[in-house]
file query37.txt (compact mmCIF, C-alpha atoms and all ligand atoms)
# COMPACT_ATOMS: atom_id res chain seq x y z
CA MET J 487 4.06 112.10 -50.93
CA LEU J 488 6.39 109.12 -50.42
CA LYS J 489 3.46 107.21 -48.94
CA SER J 490 1.25 107.83 -51.95
CA LEU J 491 4.09 106.87 -54.33
CA PHE J 492 4.44 103.57 -52.45
CA ALA J 493 0.70 103.07 -52.57
CA SER J 494 0.51 103.53 -56.34
CA ALA J 495 3.56 101.29 -56.88
CA ALA J 496 1.96 98.58 -54.75
CA CYS J 497 -1.28 99.00 -56.64
CA ALA J 498 0.53 98.70 -60.01
CA LEU J 499 2.34 95.59 -58.75
CA LEU J 500 -0.94 94.04 -57.71
CA LEU J 501 -2.45 94.80 -61.11
CA VAL J 502 0.52 93.19 -62.85
CA SER J 503 0.44 90.15 -60.62
CA THR J 504 -3.30 89.62 -60.97
CA SER J 505 -3.97 90.75 -64.53
CA ALA J 506 -2.18 88.03 -66.47
CA HIS J 507 -3.81 84.95 -65.01
CA GLY J 508 -6.55 86.70 -63.08
CA ALA J 509 -5.84 85.20 -59.65
CA GLN J 510 -5.16 87.20 -56.52
CA PRO J 511 -1.87 86.26 -54.83
CA GLY J 512 -2.48 83.25 -52.61
CA SER J 513 -5.67 82.15 -54.32
CA PRO J 514 -5.74 79.43 -56.99
CA ILE J 515 -5.64 80.18 -60.69
CA VAL J 516 -9.00 79.17 -62.13
CA ILE J 517 -9.06 77.55 -65.57
CA LYS J 518 -12.49 77.36 -67.14
CA PHE J 519 -12.50 74.72 -69.86
CA SER J 520 -15.54 75.05 -72.09
CA HIS J 521 -16.49 72.69 -74.91
CA VAL J 522 -19.47 71.73 -77.02
CA VAL J 523 -19.57 67.92 -76.89
CA ALA J 524 -20.69 65.35 -74.33
CA ASP J 525 -18.48 64.03 -71.51
CA ASP J 526 -18.41 60.57 -73.08
CA THR J 527 -16.38 61.52 -76.14
CA PRO J 528 -12.61 61.79 -76.70
CA LYS J 529 -12.64 65.54 -75.97
CA GLY J 530 -15.02 65.14 -73.02
CA HIS J 531 -12.74 62.48 -71.48
CA GLY J 532 -9.69 64.69 -72.11
CA ALA J 533 -11.20 67.68 -70.35
CA LEU J 534 -12.15 65.59 -67.30
CA LEU J 535 -8.76 63.86 -67.14
CA PHE J 536 -7.04 67.27 -67.31
CA LYS J 537 -9.16 68.47 -64.40
CA GLN J 538 -8.41 65.34 -62.38
CA LEU J 539 -4.63 65.48 -62.90
CA VAL J 540 -4.40 69.22 -62.27
CA GLU J 541 -6.32 68.91 -59.04
CA GLU J 542 -4.15 65.98 -57.92
CA ARG J 543 -0.85 67.63 -58.74
CA LEU J 544 -1.50 71.34 -58.34
CA GLU J 545 -3.97 71.28 -55.50
CA GLY J 546 -4.52 74.75 -54.08
CA GLN J 547 -2.61 76.34 -56.97
CA VAL J 548 -4.84 75.67 -59.96
CA GLN J 549 -8.53 74.85 -60.09
CA VAL J 550 -10.23 73.54 -63.25
CA GLU J 551 -13.91 73.93 -64.09
CA VAL J 552 -15.18 71.90 -67.05
CA TYR J 553 -18.30 73.00 -68.94
CA PRO J 554 -19.36 70.41 -71.57
CA ASN J 555 -22.27 70.45 -74.07
CA SER J 556 -22.09 74.23 -74.80
CA THR J 557 -23.34 74.93 -71.27
CA LEU J 558 -21.04 77.92 -70.79
CA TYR J 559 -20.13 79.00 -74.32
CA GLY J 560 -20.99 77.51 -77.69
CA ASP J 561 -19.51 77.61 -81.17
CA ALA J 562 -20.81 81.13 -81.78
CA ASN J 563 -19.04 82.83 -78.90
CA GLU J 564 -16.38 80.58 -77.33
CA LEU J 565 -13.38 82.04 -79.17
CA GLU J 566 -14.49 85.56 -78.33
CA ALA J 567 -14.83 84.47 -74.69
CA LEU J 568 -11.26 83.14 -74.84
CA ALA J 569 -10.02 86.47 -76.21
CA ASN J 570 -11.74 88.23 -73.29
CA ASN J 571 -10.31 85.75 -70.77
CA GLN J 572 -13.82 84.70 -69.72
CA VAL J 573 -12.73 81.14 -70.43
CA GLN J 574 -9.14 79.89 -70.42
CA LEU J 575 -9.14 76.58 -72.32
CA LEU J 576 -11.06 75.44 -75.37
CA ALA J 577 -10.62 72.60 -77.83
CA PRO J 578 -12.55 73.64 -80.93
CA SER J 579 -12.64 71.44 -83.96
CA LEU J 580 -9.89 72.39 -86.43
CA ALA J 581 -12.63 73.52 -88.84
CA LYS J 582 -13.57 76.39 -86.52
CA PHE J 583 -10.44 78.56 -86.74
CA GLU J 584 -10.89 79.86 -90.26
CA GLN J 585 -11.21 83.51 -89.23
CA TYR J 586 -7.81 83.33 -87.46
CA THR J 587 -5.78 81.24 -89.90
CA LYS J 588 -6.41 79.72 -93.31
CA GLN J 589 -3.67 77.13 -92.86
CA LEU J 590 -5.63 74.90 -90.52
CA GLN J 591 -8.11 74.33 -93.35
CA VAL J 592 -5.69 71.62 -94.45
CA PHE J 593 -7.39 69.33 -91.94
CA ASP J 594 -10.76 69.79 -93.69
CA LEU J 595 -9.58 68.78 -97.16
CA PRO J 596 -11.59 65.71 -98.16
CA PHE J 597 -9.73 62.42 -98.59
CA LEU J 598 -6.37 64.00 -97.75
CA PHE J 599 -5.54 61.68 -94.83
CA ASP J 600 -5.99 57.94 -95.29
CA ASP J 601 -6.75 57.38 -91.62
CA LEU J 602 -6.26 58.71 -88.10
CA GLU J 603 -2.74 57.27 -87.93
CA ALA J 604 -1.78 59.45 -90.89
CA VAL J 605 -3.33 62.50 -89.19
CA ASN J 606 -1.28 61.65 -86.12
CA ARG J 607 1.94 61.52 -88.09
CA PHE J 608 1.24 64.91 -89.70
CA GLN J 609 0.46 66.53 -86.35
CA LYS J 610 3.75 65.26 -84.93
CA ARG J 611 5.94 66.40 -87.80
CA SER J 612 7.37 69.90 -88.15
CA LYS J 613 4.67 71.38 -90.43
CA GLY J 614 1.96 70.10 -88.14
CA ARG J 615 3.78 71.47 -85.06
CA GLN J 616 4.21 74.85 -86.78
CA LEU J 617 0.45 75.12 -87.23
CA LEU J 618 0.05 75.14 -83.45
CA ARG J 619 1.61 78.60 -83.63
CA SER J 620 -0.37 79.82 -86.63
CA MET J 621 -2.71 82.02 -84.54
CA GLU J 622 -0.10 83.74 -82.39
CA LYS J 623 -0.85 87.16 -83.80
CA HIS J 624 -4.38 86.76 -82.48
CA ASP J 625 -3.01 85.82 -79.04
CA ILE J 626 -4.23 82.25 -79.44
CA VAL J 627 -1.70 79.67 -78.33
CA GLY J 628 -2.07 76.09 -79.59
CA LEU J 629 -1.13 73.66 -76.82
CA ALA J 630 -1.88 70.27 -78.40
CA TYR J 631 -3.84 68.37 -81.02
CA TRP J 632 -6.52 66.03 -79.75
CA HIS J 633 -8.12 63.39 -81.92
CA ASN J 634 -11.76 62.68 -82.34
CA GLY J 635 -11.95 60.63 -85.51
CA MET J 636 -12.78 60.23 -89.17
CA LYS J 637 -16.10 61.66 -90.37
CA GLN J 638 -19.03 59.71 -91.79
CA LEU J 639 -21.85 61.06 -93.94
CA SER J 640 -25.39 60.71 -92.64
CA ALA J 641 -28.61 61.59 -94.45
CA THR J 642 -32.31 61.03 -94.87
CA ARG J 643 -31.62 58.89 -97.91
CA PRO J 644 -28.99 56.28 -98.73
CA LEU J 645 -25.77 57.78 -100.10
CA ARG J 646 -23.84 55.24 -102.12
CA VAL J 647 -22.61 57.35 -105.02
CA PRO J 648 -21.84 61.11 -104.91
CA ALA J 649 -24.89 61.92 -107.07
CA ASP J 650 -27.13 60.55 -104.27
CA ALA J 651 -26.29 63.66 -102.22
CA ALA J 652 -27.37 66.15 -104.90
CA GLY J 653 -29.98 68.62 -103.69
CA LEU J 654 -29.73 67.66 -99.99
CA ASN J 655 -28.92 70.35 -97.45
CA PHE J 656 -26.03 69.35 -95.14
CA ARG J 657 -25.17 70.91 -91.80
CA ILE J 658 -21.53 71.96 -91.80
CA GLN J 659 -19.06 73.54 -89.43
CA PRO J 660 -18.01 77.12 -90.32
CA SER J 661 -15.47 76.14 -92.97
CA GLY J 662 -15.17 77.25 -96.58
CA VAL J 663 -13.51 73.94 -97.45
CA LEU J 664 -16.50 71.98 -96.17
CA GLU J 665 -18.86 74.24 -98.08
CA ALA J 666 -16.86 73.61 -101.26
CA GLN J 667 -16.67 69.87 -100.58
CA PHE J 668 -20.47 69.57 -100.60
CA ALA J 669 -20.83 71.94 -103.57
CA GLN J 670 -18.66 69.48 -105.51
CA ILE J 671 -21.36 66.84 -105.16
CA GLY J 672 -24.27 69.18 -105.88
CA ALA J 673 -25.38 69.49 -102.26
CA LYS J 674 -26.32 72.62 -100.31
CA THR J 675 -24.92 73.50 -96.90
CA GLN J 676 -25.90 75.34 -93.77
CA LYS J 677 -23.37 76.40 -91.13
CA LEU J 678 -24.81 75.66 -87.71
CA PRO J 679 -23.38 75.44 -84.20
CA PHE J 680 -22.96 71.89 -82.97
CA ALA J 681 -25.58 72.42 -80.25
CA GLU J 682 -28.23 72.92 -82.94
CA VAL J 683 -27.48 69.89 -85.10
CA PHE J 684 -29.89 67.40 -83.54
CA ASN J 685 -32.90 69.74 -83.77
CA ALA J 686 -32.00 70.88 -87.28
CA LEU J 687 -31.89 67.26 -88.45
CA LYS J 688 -35.02 66.34 -86.54
CA SER J 689 -37.04 69.23 -87.93
CA GLY J 690 -35.74 68.67 -91.45
CA THR J 691 -34.08 72.10 -91.74
CA VAL J 692 -31.09 70.10 -92.93
CA GLN J 693 -31.21 66.56 -94.23
CA GLY J 694 -27.63 65.46 -93.75
CA ALA J 695 -24.45 65.94 -91.74
CA GLU J 696 -20.87 64.71 -91.36
CA ASN J 697 -19.57 63.55 -87.99
CA PRO J 698 -17.31 61.01 -86.33
CA TRP J 699 -19.12 58.08 -84.69
CA SER J 700 -18.64 59.44 -81.16
CA ASN J 701 -20.40 62.71 -81.97
CA ILE J 702 -23.21 60.89 -83.77
CA TYR J 703 -23.77 58.50 -80.87
CA SER J 704 -23.36 60.94 -77.98
CA LYS J 705 -25.84 63.36 -79.55
CA GLN J 706 -28.16 60.57 -80.77
CA LEU J 707 -27.96 61.87 -84.34
CA HIS J 708 -28.52 58.33 -85.63
CA GLN J 709 -32.07 58.55 -84.23
CA VAL J 710 -32.84 61.27 -86.78
CA GLN J 711 -30.67 60.07 -89.67
CA PRO J 712 -31.91 56.81 -91.18
CA TYR J 713 -28.74 56.24 -93.25
CA ILE J 714 -25.04 56.57 -92.45
CA THR J 715 -22.43 55.95 -95.11
CA GLU J 716 -19.05 54.91 -93.78
CA THR J 717 -16.97 57.24 -95.93
CA ASN J 718 -14.11 58.18 -93.58
CA HIS J 719 -13.76 61.09 -96.00
CA GLY J 720 -12.19 63.59 -93.63
CA VAL J 721 -11.01 64.13 -90.11
CA LEU J 722 -12.54 65.90 -87.14
CA ASP J 723 -9.79 66.71 -84.67
CA TYR J 724 -9.23 69.49 -82.17
CA MET J 725 -6.68 72.04 -81.12
CA LEU J 726 -6.42 72.67 -77.41
CA VAL J 727 -6.01 76.44 -77.19
CA SER J 728 -5.56 79.13 -74.60
CA ASN J 729 -5.31 82.89 -74.53
CA ALA J 730 -1.58 83.65 -74.89
CA LYS J 731 -1.63 86.48 -72.33
CA PHE J 732 -3.30 84.24 -69.77
CA TRP J 733 -1.12 81.23 -70.53
CA TYR J 734 2.23 82.99 -70.43
CA GLY J 735 1.11 84.93 -67.36
CA ILE J 736 0.97 81.70 -65.34
CA PRO J 737 4.07 81.42 -63.10
CA HIS J 738 6.72 79.43 -64.94
CA ARG J 739 6.86 76.38 -62.64
CA THR J 740 3.12 76.01 -62.61
CA ARG J 741 2.90 76.37 -66.39
CA VAL J 742 5.59 73.74 -66.92
CA GLU J 743 3.60 71.35 -64.73
CA LEU J 744 0.40 72.17 -66.63
CA GLU J 745 2.16 71.53 -69.94
CA ALA J 746 3.41 68.16 -68.68
CA ILE J 747 -0.17 67.27 -67.69
CA ILE J 748 -1.39 68.33 -71.13
CA ASP J 749 1.17 66.00 -72.74
CA GLU J 750 -0.07 63.15 -70.61
CA VAL J 751 -3.74 63.88 -71.34
CA THR J 752 -3.02 64.27 -75.06
CA TYR J 753 -1.39 60.86 -75.11
CA ALA J 754 -4.40 59.30 -73.36
CA VAL J 755 -7.00 61.05 -75.57
CA ASN J 756 -5.21 60.17 -78.78
CA ARG J 757 -4.62 56.58 -77.75
CA GLU J 758 -8.26 55.92 -76.91
CA ALA J 759 -10.09 58.03 -79.54
CA GLU J 760 -10.25 55.38 -82.22
CA ALA J 761 -11.45 52.68 -79.80
CA LEU J 762 -14.12 55.01 -78.48
CA ASN J 763 -15.33 55.76 -81.99
CA ASN J 764 -15.36 52.06 -82.89
CA ALA J 765 -17.41 51.28 -79.78
CA ASP J 766 -19.91 54.01 -80.70
CA ARG J 767 -20.10 52.68 -84.25
CA ALA J 768 -21.06 49.28 -82.81
CA ARG J 769 -23.65 50.90 -80.53
CA ILE J 770 -25.20 52.76 -83.45
CA GLN J 771 -25.35 49.57 -85.47
CA ALA J 772 -26.90 47.68 -82.56
CA SER J 773 -29.54 50.38 -82.08
CA GLY J 774 -31.15 49.34 -85.36
CA SER J 775 -32.36 52.90 -85.91
CA THR J 776 -30.15 53.59 -88.88
CA GLN J 777 -28.79 51.62 -91.79
CA LEU J 778 -24.99 51.57 -92.13
CA ILE J 779 -23.77 51.64 -95.70
CA THR J 780 -20.21 50.51 -96.34
CA LEU J 781 -18.45 51.34 -99.58
CA ASN J 782 -16.31 49.05 -101.69
CA PRO J 783 -12.96 50.50 -102.90
CA ALA J 784 -14.39 51.55 -106.29
CA GLU J 785 -17.34 53.33 -104.66
CA ARG J 786 -15.05 55.11 -102.20
CA GLU J 787 -12.80 56.15 -105.05
CA ALA J 788 -15.81 57.76 -106.79
CA TRP J 789 -16.41 59.96 -103.71
CA ARG J 790 -12.74 60.82 -103.57
CA ALA J 791 -12.64 61.77 -107.26
CA ALA J 792 -15.75 63.94 -106.88
CA MET J 793 -14.42 65.87 -103.87
CA ARG J 794 -10.70 66.00 -104.72
CA PRO J 795 -10.88 69.27 -106.82
CA VAL J 796 -11.40 71.12 -103.53
CA TRP J 797 -7.68 70.72 -102.74
CA GLN J 798 -6.72 72.87 -105.69
CA GLN J 799 -9.36 75.45 -104.89
CA PHE J 800 -7.78 76.06 -101.46
CA GLU J 801 -4.10 75.46 -102.10
CA ASP J 802 -3.21 79.17 -102.27
CA GLN J 803 -4.92 79.86 -98.94
CA ILE J 804 -3.52 76.83 -97.14
CA GLY J 805 -0.13 76.71 -98.82
CA LYS J 806 1.07 74.03 -101.25
CA ASP J 807 3.88 73.12 -98.85
CA VAL J 808 1.39 72.38 -96.06
CA ILE J 809 -0.80 70.19 -98.29
CA LYS J 810 2.25 68.38 -99.64
CA ALA J 811 3.54 67.69 -96.14
CA ALA J 812 0.12 66.36 -95.14
CA GLU J 813 -0.19 64.14 -98.19
CA ALA J 814 3.26 62.70 -97.55
CA VAL J 815 2.17 61.08 -94.29
CA ASN J 816 -0.05 58.53 -96.01
CA ARG J 817 1.59 55.15 -96.18
CA LYS J 818 -0.48 53.84 -99.08
CA GLN J 819 0.84 54.71 -102.49
CA ARG J 820 -1.61 56.75 -104.57
CA GLN J 821 -1.54 57.54 -108.25
C1 LIG V 1 -16.95 68.98 -81.75
O1 LIG V 1 -16.65 67.79 -81.86
O2 LIG V 1 -16.39 69.77 -81.01
C2 LIG V 1 -18.12 69.50 -82.56
C3 LIG V 1 -17.86 69.34 -84.00
C4 LIG V 1 -18.96 69.91 -84.86
O3 LIG V 1 -19.32 71.08 -84.72
O4 LIG V 1 -19.45 69.16 -85.72

call {"tool": "encode", "arguments": {"input": "query37.txt", "output": "structure tokens"}}
result
Amino acid sequence: MLKSLFASAACALLLVSTSAHGAQPGSPIVIKFSHVVADDTPKGHGALLFKQLVEERLEGQVQVEVYPNSTLYGDANELEALANNQVQLLAPSLAKFEQYTKQLQVFDLPFLFDDLEAVNRFQKRSKGRQLLRSMEKHDIVGLAYWHNGMKQLSATRPLRVPADAAGLNFRIQPSGVLEAQFAQIGAKTQKLPFAEVFNALKSGTVQGAENPWSNIYSKQLHQVQPYITETNHGVLDYMLVSNAKFWYGIPHRTRVELEAIIDEVTYAVNREAEALNNADRARIQASGSTQLITLNPAEREAWRAAMRPVWQQFEDQIGKDVIKAAEAVNRKQRQ
């Protein structure tokens, strides 16, 4: 009797000690980090640097496997895989969390942030930090923001004024704000996973898209989009997320070390993202396969005026306080 009581207690203990982070005592915790972009992008570099630092500093305790280019999970199933602990780290674009929180839609509002520096300031201030915890009730813990960059519009025809986009079908991420943004300029939209964008543009299923330079270049989208307008109309950034049960199940000392590594990687990713995007912009220009259209201030203002009503449409969902806090980080004075 006593023996069987001991056996079930030991069994329960083993379940407790293995269930949270999935590792058997004595064997390393495995962190699968899945993402949808190429290695040579800000997020791709971040994932690889995380792996390198973890394996240097937590050798034998934590092992990191990186799966880029939607090779393990893609946009359609990666968050579900995180919930089921089939993957332990993701860094989806901030436009991909709509089903878990409406507040993160603030990042999709067109022409809200003047530049990446402004985005950075918002993410560091208290409202931005609070949003890292906005999906707690879904057991999603936000660990950091990682930059990619400002988005540019690409299409099969030159887009200089908003009316040029009317009637075109644009690929978008799964975001109501982005849908509304294109509706404002008379364009149609299709939500597609990132892995399908190149083929959809190539086949003509969609005729336009919005991406930062690094995503355009690393996926060769400029080869199938003859025009890119440098609008910088919105931001595409990421939230590094984990499953809360997994994350808080990691032994405290190990988790503290992992969080310190994440801080270091975040600093590196965010410091180099803009330079990487600028280098890819130059590569796209040098390729000669697409024409870059730059806008003068009056032309850019016309795009801003056309898309700006979207803010009001979504202010109840996002929260006026969040939008106000985001707007306040711009240094330039606006009317
Ligand atoms: C990404 O950068 O993770 C992909 C963004 C997109 O789906 O456009």

call {"tool": "closest_residue", "arguments": {"input": "query37.txt", "among": "J:Ser513, J:Ser700, J:Ser640, J:Gln547", "to": "ligand LIG 1 (chain V)", "atoms": "only C-alpha atoms and all ligand atoms"}}
result
J:Ser700

call {"tool": "closest_residue", "arguments": {"input": "query37.txt", "among": "J:Glu603, J:Glu787, J:Glu564, J:Asp525", "to": "Pro648 in chain J", "atoms": "only C-alpha atoms"}}
result
J:Glu787

call {"tool": "residues_around", "arguments": {"input": "query37.txt", "residues": "Phe593 in chain J", "least_positions_apart": "5", "cutoff": "12 Å", "atoms": "only C-alpha atoms", "output": "number ranges by chain"}}
result
J: 579-584, 588, 598-602, 604-606, 608-609, 614, 617, 631, 633, 635-637, 661, 663-664, 719-725, 797, 800, 804, 808-809, 811-813

call {"tool": "residues_near_ligand", "arguments": {"input": "query37.txt", "ligand": "ligand LIG 1 (chain V)", "cutoff": "10 Å", "atoms": "all atoms listed in the file", "output": "JSON, numbers by chain"}}
result
{"J": [521, 522, 523, 524, 527, 528, 529, 530, 554, 555, 556, 560, 561, 576, 577, 578, 579, 580, 581, 582, 633, 634, 635, 637, 657, 658, 659, 660, 677, 678, 679, 680, 681, 682, 683, 695, 696, 697, 698, 700, 701, 702, 722, 723, 724, 725]}

call {"tool": "atom_distance", "arguments": {"input": "query37.txt", "atom1": "CA of Ala567 in chain J", "atom2": "CA of Lys518 in chain J"}}
result
10.6 Å

call {"tool": "atom_distance", "arguments": {"input": "query37.txt", "atom1": "CA of Glu785 in chain J", "atom2": "CA of Asn718 in chain J"}}
result
12.5 Å

call {"tool": "closest_residue", "arguments": {"input": "query37.txt", "among": "J:Asp802, J:Pro514, J:Phe519, J:Ala772", "to": "Leu535 in chain J", "atoms": "all atoms listed in the file"}}
result
J:Phe519

call {"tool": "atom_distance", "arguments": {"input": "query37.txt", "atom1": "CA of Gln589 in chain J", "atom2": "CA of Ser620 in chain J"}}
result
7.5 Å

call {"tool": "residues_around", "arguments": {"input": "query37.txt", "residues": "Lys688 in chain J", "least_positions_apart": "3", "cutoff": "10 Å", "atoms": "all atoms listed in the file", "output": "CSV table (one decimal) with C-alpha atoms, in the frame of the given file"}}
result
chain,number,residue,atom,x,y,z
J,683,VAL,CA,-27.5,69.9,-85.1
J,684,PHE,CA,-29.9,67.4,-83.5
J,685,ASN,CA,-32.9,69.7,-83.8
J,691,THR,CA,-34.1,72.1,-91.7
J,692,VAL,CA,-31.1,70.1,-92.9
J,693,GLN,CA,-31.2,66.6,-94.2
J,707,LEU,CA,-28.0,61.9,-84.3
J,709,GLN,CA,-32.1,58.6,-84.2
J,710,VAL,CA,-32.8,61.3,-86.8
J,711,GLN,CA,-30.7,60.1,-89.7

call {"tool": "axis_aligned_box", "arguments": {"input": "query37.txt", "around": "range 744-750 of chain J", "padding_each_side": "4 Å", "output": "lines of an AutoDock Vina configuration file"}}
result
center_x = 1.0
center_y = 67.7
center_z = -69.7
size_x = 12.8
size_y = 17.0
size_z = 14.1

call {"tool": "residues_around", "arguments": {"input": "query37.txt", "residues": "Ile748 in chain J", "least_positions_apart": "5", "cutoff": "9 Å", "atoms": "only C-alpha atoms", "output": "PDB file with C-alpha atoms, keeping the file's coordinate frame"}}
result
ATOM      1  CA  PHE J 536      -7.040  67.270 -67.310  1.00  0.00           C
ATOM      2  CA  LEU J 629      -1.130  73.660 -76.820  1.00  0.00           C
ATOM      3  CA  ALA J 630      -1.880  70.270 -78.400  1.00  0.00           C
ATOM      4  CA  GLU J 743       3.600  71.350 -64.730  1.00  0.00           C
ATOM      5  CA  TYR J 753      -1.390  60.860 -75.110  1.00  0.00           C
TER       6      TYR J 753
END

call {"tool": "closest_residue", "arguments": {"input": "query37.txt", "among": "J:Ile770, J:Leu778, J:Val550, J:Ile515", "to": "Leu645 in chain J", "atoms": "only C-alpha atoms"}}
result
J:Leu778

call {"tool": "closest_residue", "arguments": {"input": "query37.txt", "among": "J:Val647, J:Leu544, J:Leu539, J:Val573", "to": "Arg741 in chain J", "atoms": "only C-alpha atoms"}}
result
J:Leu544

call {"tool": "closest_residue", "arguments": {"input": "query37.txt", "among": "J:His708, J:Lys613, J:Lys731, J:Arg643", "to": "Lys810 in chain J", "atoms": "all atoms listed in the file"}}
result
J:Lys613
